[in-house]
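Visitor: Input structure: entry-v9.cif, which contains mmCIF, C-alpha atoms and all ligand atoms.
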```cif
data_query
loop_
_atom_site.label_atom_id
_atom_site.label_comp_id
_atom_site.auth_asym_id
_atom_site.auth_seq_id
_atom_site.Cartn_x
_atom_site.Cartn_y
_atom_site.Cartn_z
CA MET U 1 64.14 -0.51 10.95
CA LEU U 2 61.99 -3.04 9.21
CA THR U 3 58.67 -3.73 10.80
CA ASN U 4 58.12 -7.23 12.08
CA ALA U 5 55.61 -7.94 9.35
CA ARG U 6 58.17 -7.18 6.66
CA LEU U 7 60.97 -8.83 8.52
CA PHE U 8 59.34 -12.11 9.16
CA GLN U 9 56.58 -13.52 7.09
CA GLN U 10 55.57 -17.00 8.00
CA SER U 11 52.93 -19.37 6.91
CA TYR U 12 52.17 -22.87 8.00
CA GLN U 13 50.96 -24.78 5.00
CA HIS U 14 47.63 -25.23 6.73
CA PRO U 15 44.87 -24.30 7.30
CA GLN U 16 44.75 -22.15 4.15
CA SER U 17 41.69 -23.43 2.30
CA ILE U 18 42.01 -25.48 -0.87
CA THR U 19 39.51 -23.19 -2.58
CA ALA U 20 41.70 -20.17 -1.86
CA ALA U 21 44.82 -22.01 -3.07
CA ILE U 22 43.11 -23.03 -6.32
CA SER U 23 41.68 -19.60 -7.09
CA GLN U 24 45.08 -18.06 -6.39
CA ALA U 25 46.66 -20.64 -8.73
CA LYS U 26 44.18 -19.72 -11.47
CA LEU U 27 45.16 -16.07 -11.17
CA VAL U 28 48.87 -16.93 -11.34
CA CYS U 29 48.31 -19.07 -14.46
CA GLU U 30 46.27 -16.33 -16.09
CA ARG U 31 49.02 -13.82 -15.36
CA ASN U 32 51.69 -16.20 -16.73
CA ASN U 33 49.50 -17.02 -19.71
CA VAL U 34 49.57 -20.76 -19.05
CA ARG U 35 46.81 -23.28 -18.51
CA LEU U 36 45.92 -25.03 -15.27
CA THR U 37 44.87 -28.35 -16.80
CA LEU U 38 42.78 -30.89 -14.90
CA ALA U 39 45.82 -32.98 -13.91
CA ARG U 40 47.73 -29.91 -12.74
CA GLU U 41 44.76 -28.65 -10.73
CA GLU U 42 44.11 -32.05 -9.14
CA ILE U 43 47.77 -32.42 -8.18
CA LEU U 44 47.73 -28.98 -6.60
CA LYS U 45 44.65 -30.02 -4.57
CA ILE U 46 46.34 -33.27 -3.51
CA VAL U 47 49.43 -31.39 -2.34
CA TRP U 48 47.32 -28.85 -0.44
CA LEU U 49 45.07 -31.48 1.15
CA SER U 50 48.02 -33.30 2.63
CA HIS U 51 49.26 -32.11 5.99
CA GLN U 52 52.75 -33.31 5.15
CA PRO U 53 55.01 -33.04 2.10
CA LEU U 54 54.13 -35.70 -0.47
CA GLY U 55 56.41 -37.79 -2.65
CA ALA U 56 55.75 -38.15 -6.38
CA TYR U 57 54.53 -41.75 -5.98
CA GLN U 58 52.01 -40.78 -3.31
CA ILE U 59 50.78 -38.03 -5.63
CA GLN U 60 50.56 -40.49 -8.51
CA ASP U 61 48.48 -42.88 -6.36
CA GLU U 62 46.10 -40.17 -5.23
CA LEU U 63 45.70 -38.79 -8.74
CA SER U 64 44.98 -42.26 -10.16
CA LYS U 65 42.27 -42.72 -7.50
CA LEU U 66 40.77 -39.29 -8.11
CA LEU U 67 40.63 -39.62 -11.88
CA SER U 68 39.75 -43.36 -11.71
CA LYS U 69 42.49 -44.32 -14.14
CA LYS U 70 46.12 -45.29 -13.97
CA ILE U 71 48.27 -42.19 -14.24
CA ALA U 72 51.82 -42.68 -15.51
CA PRO U 73 54.75 -41.16 -13.58
CA PRO U 74 55.80 -38.83 -16.46
CA THR U 75 52.38 -37.15 -16.30
CA VAL U 76 52.90 -36.49 -12.60
CA TYR U 77 56.46 -35.24 -13.04
CA ARG U 78 55.49 -32.97 -15.92
CA ALA U 79 52.60 -31.49 -13.94
CA LEU U 80 54.83 -31.02 -10.89
CA ALA U 81 57.48 -29.31 -13.01
CA PHE U 82 54.79 -26.97 -14.32
CA LEU U 83 53.54 -26.18 -10.80
CA ILE U 84 57.10 -25.56 -9.60
CA ASP U 85 57.94 -23.33 -12.60
CA ASN U 86 54.89 -21.23 -11.87
CA GLY U 87 55.73 -20.94 -8.19
CA LEU U 88 52.68 -22.87 -6.97
CA VAL U 89 54.56 -25.81 -5.49
CA HIS U 90 58.03 -26.21 -3.97
CA LYS U 91 60.18 -29.29 -3.98
CA LEU U 92 61.91 -30.09 -0.70
CA THR U 93 65.15 -31.60 -1.92
CA SER U 94 66.11 -33.23 1.35
CA LEU U 95 62.80 -35.10 1.56
CA ASN U 96 62.30 -35.51 -2.18
CA ALA U 97 58.75 -34.32 -1.56
CA TYR U 98 56.45 -31.49 -2.55
CA VAL U 99 54.49 -28.79 -0.72
CA GLY U 100 52.10 -26.07 -1.85
CA CYS U 101 53.43 -22.49 -1.76
CA PRO U 102 51.40 -20.08 0.37
CA PHE U 103 52.87 -17.01 -1.37
CA PRO U 104 52.48 -17.79 -5.10
CA ASN U 105 51.95 -14.18 -6.10
CA SER U 106 55.43 -13.08 -5.17
CA GLU U 107 59.00 -13.76 -6.17
CA HIS U 108 60.63 -15.10 -3.07
CA SER U 109 63.32 -17.20 -1.57
CA ASN U 110 62.46 -19.16 1.47
CA ILE U 111 63.35 -21.07 4.54
CA PHE U 112 61.48 -24.30 5.18
CA LEU U 113 61.12 -25.36 8.79
CA ILE U 114 60.57 -29.11 8.70
CA CYS U 115 59.32 -30.77 11.89
CA LYS U 116 60.82 -34.18 12.55
CA GLY U 117 57.90 -35.00 14.85
CA CYS U 118 54.77 -34.33 12.78
CA ARG U 119 56.52 -33.79 9.39
CA LYS U 120 54.67 -30.51 8.91
CA VAL U 121 56.50 -27.81 7.02
CA ALA U 122 56.36 -24.06 7.56
CA GLU U 123 57.56 -21.77 4.81
CA VAL U 124 59.18 -18.58 6.00
CA VAL U 125 60.24 -15.59 3.95
CA HIS U 126 62.95 -13.84 5.90
CA LEU U 127 64.19 -10.70 4.18
CA PRO U 128 67.48 -10.21 6.05
CA THR U 129 68.56 -13.75 5.11
CA ASN U 130 67.66 -13.10 1.49
CA GLU U 131 69.66 -9.90 1.51
CA THR U 132 72.67 -11.59 3.09
CA ILE U 133 72.73 -14.32 0.47
CA GLN U 134 72.26 -11.87 -2.37
CA ASP U 135 75.08 -9.79 -0.93
CA VAL U 136 77.39 -12.83 -0.77
CA CYS U 137 76.48 -13.67 -4.37
CA SER U 138 77.11 -10.19 -5.69
CA LYS U 139 80.43 -9.90 -3.85
CA THR U 140 81.60 -13.20 -5.30
CA LYS U 141 80.05 -12.41 -8.71
CA PHE U 142 77.99 -15.56 -8.37
CA GLY U 143 74.81 -15.39 -10.44
CA PHE U 144 71.96 -15.57 -7.97
CA ASP U 145 69.19 -17.92 -8.95
CA ALA U 146 67.10 -18.96 -5.98
CA GLN U 147 67.65 -20.16 -2.50
CA HIS U 148 65.74 -22.75 -0.56
CA ILE U 149 67.00 -23.41 2.90
CA GLU U 150 65.70 -26.53 4.60
CA VAL U 151 65.91 -26.62 8.37
CA PHE U 152 65.03 -29.68 10.46
CA GLY U 153 63.79 -29.47 14.03
CA THR U 154 60.72 -29.63 16.24
CA CYS U 155 57.71 -27.37 15.77
CA SER U 156 56.22 -25.48 18.73
CA ASN U 157 53.22 -27.80 18.74
CA CYS U 158 55.33 -30.95 19.01
CA SER U 159 57.66 -29.47 21.63
CA SER U 160 54.75 -28.40 23.85
CA HIS U 161 53.28 -31.92 23.63
CA ARG U 162 56.61 -33.35 24.60
CA ALA U 163 57.10 -31.01 27.57
ZN ZN T 201 56.82 -20.34 -1.60
ZN ZN T 202 55.65 -30.92 14.75
#
```
Step by step, read the file and then write its structure as structure tokens.
Ligand SMILES: [Zn+2]
Ligand SMILES: [Zn+2]

Guide:
Amino acid sequence: MLTNARLFQQSYQHPQSITAAISQAKLVCERNNVRLTLAREEILKIVWLSHQPLGAYQIQDELSKLLSKKIAPPTVYRALAFLIDNGLVHKLTSLNAYVGCPFPNSEHSNIFLICKGCRKVAEVVHLPTNETIQDVCSKTKFGFDAQHIEVFGTCSNCSSHRA
């Protein structure tokens, strides 16, 4: 039997501190032998500071304010692609928005629980689901890449307010 801790690892995107997220990102970049440039670091901070997933244009706005100059969309998209490639940020396809990853040190597939009330997102790593999908892929000889499951609903906080 798997212990609960292994079975179900969950993290709400907050309140992990920005400082912790940035120092973790620096370690990941060092390990991957890539550079966390100023724009990349600032974008990571912007994503972490937000309590909700952010769209690329919101990120562009915030970055332009922070750096006191107009930042072009390609700069933002390139930096986001870098952050995604290095596992520091995830893109939520259904929202076309970005969130910081609380588990950047590990290879993982994940389930995103997206609250329709407060728009907060919880990232869950659920091993049995991962194993099931990998099993399906291997049985169908489908090359497994990654899985991101996006689930919409109401978080416990919002449902207790509503009750
Ligand atoms: Zn993640
Ligand atoms: Zn909620």

Visitor: Can you work out the spacing between CA of Leu63 (chain U) and CA of Leu113 (chain U) in Å, to one decimal?

Guide: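 Rounded to one decimal, the two atoms are 26.9 Å apart.
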
Visitor: Identify, counting all atoms listed in the file, the protein, DNA and RNA residues located within 8 Å of ligand ZN 201 (chain T), and give them as a ChimeraX atom specification.

Guide: /U:87-90,100-104,108-110,123

Visitor: Which residue out of U:Tyr77, U:Phe152, U:Phe144, U:Phe82 has the minimum interatomic distance to Gly55 (chain U) when all atoms listed in the file are used?

Guide: U:Tyr77

Visitor: Skip Gln58 (chain U) itself and residues of its chain fewer than 4 positions away, then list as a ChimeraX atom specification all residues within 12 Å of it, counting only C-alpha atoms.

Guide: /U:43,46-47,50,52-54,62-65,71,73,76,96-98

Visitor: Around ligand ZN 202 (chain T), out to 9 Å and counting only C-alpha atoms and all ligand atoms, which residues are there? I want them as a PyMOL selection string.

Guide: chain U and resi 114-121+153-159

Visitor: Please, could you write that set of residues out with C-alpha atoms as a short mmCIF file (atom, residue, chain, number, x, y, z; two decimals), in the frame of the given file?

Guide:
```cif
data_model
loop_
_atom_site.label_atom_id
_atom_site.label_comp_id
_atom_site.auth_asym_id
_atom_site.auth_seq_id
_atom_site.Cartn_x
_atom_site.Cartn_y
_atom_site.Cartn_z
CA ILE U 114 60.57 -29.11 8.70
CA CYS U 115 59.32 -30.77 11.89
CA LYS U 116 60.82 -34.18 12.55
CA GLY U 117 57.90 -35.00 14.85
CA CYS U 118 54.77 -34.33 12.78
CA ARG U 119 56.52 -33.79 9.39
CA LYS U 120 54.67 -30.51 8.91
CA VAL U 121 56.50 -27.81 7.02
CA GLY U 153 63.79 -29.47 14.03
CA THR U 154 60.72 -29.63 16.24
CA CYS U 155 57.71 -27.37 15.77
CA SER U 156 56.22 -25.48 18.73
CA ASN U 157 53.22 -27.80 18.74
CA CYS U 158 55.33 -30.95 19.01
CA SER U 159 57.66 -29.47 21.63
#
```

Visitor: Please provide the set of residues having any atom within 12 Å of region 131-136 of chain U, restricted to all atoms listed in the file, with same-chain residues fewer than 4 positions apart removed, written as a VMD selection string.

Guide: chain U and resid 7 108 to 110 125 to 127 140 to 149

Visitor: So which one's closest to Lys26 (chain U), U:His161, U:Asn86, U:Ala79, U:His51? Using only C-alpha atoms, please.

Guide: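 That would be U:Asn86, the residue with the smallest distance to Lys26 (chain U).
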
Visitor: If I take CA of Thr129 (chain U) and CA of Ser106 (chain U), how far is one from the other in Å, to one decimal?

Guide: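 Answer for the CA of Thr129 (chain U) to CA of Ser106 (chain U) separation: 16.7 Å.
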
Visitor: Would you mind telling me which residue in U:Ala25, U:Leu36, U:Leu92, U:Ala56 lies nearest to Thr75 (chain U) when using all atoms listed in the file?

Guide: U:Ala56

Visitor: In Å, with one decimal, what is the gap from CA of Arg40 (chain U) to CA of Val124 (chain U)?

Guide: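 These two atoms are separated by 24.7 Å.
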
Visitor: Pick from U:Asn105, U:Asn33, U:Ser138, U:Gln60: nearest to Pro74 (chain U), with only C-alpha atoms counted?

Guide: U:Gln60

Visitor: Tell me which of U:Ser160, U:Asn130, U:Ser68, U:Ser23 sits closest to Glu41 (chain U), counting all atoms listed in the file.

Guide: U:Ser23
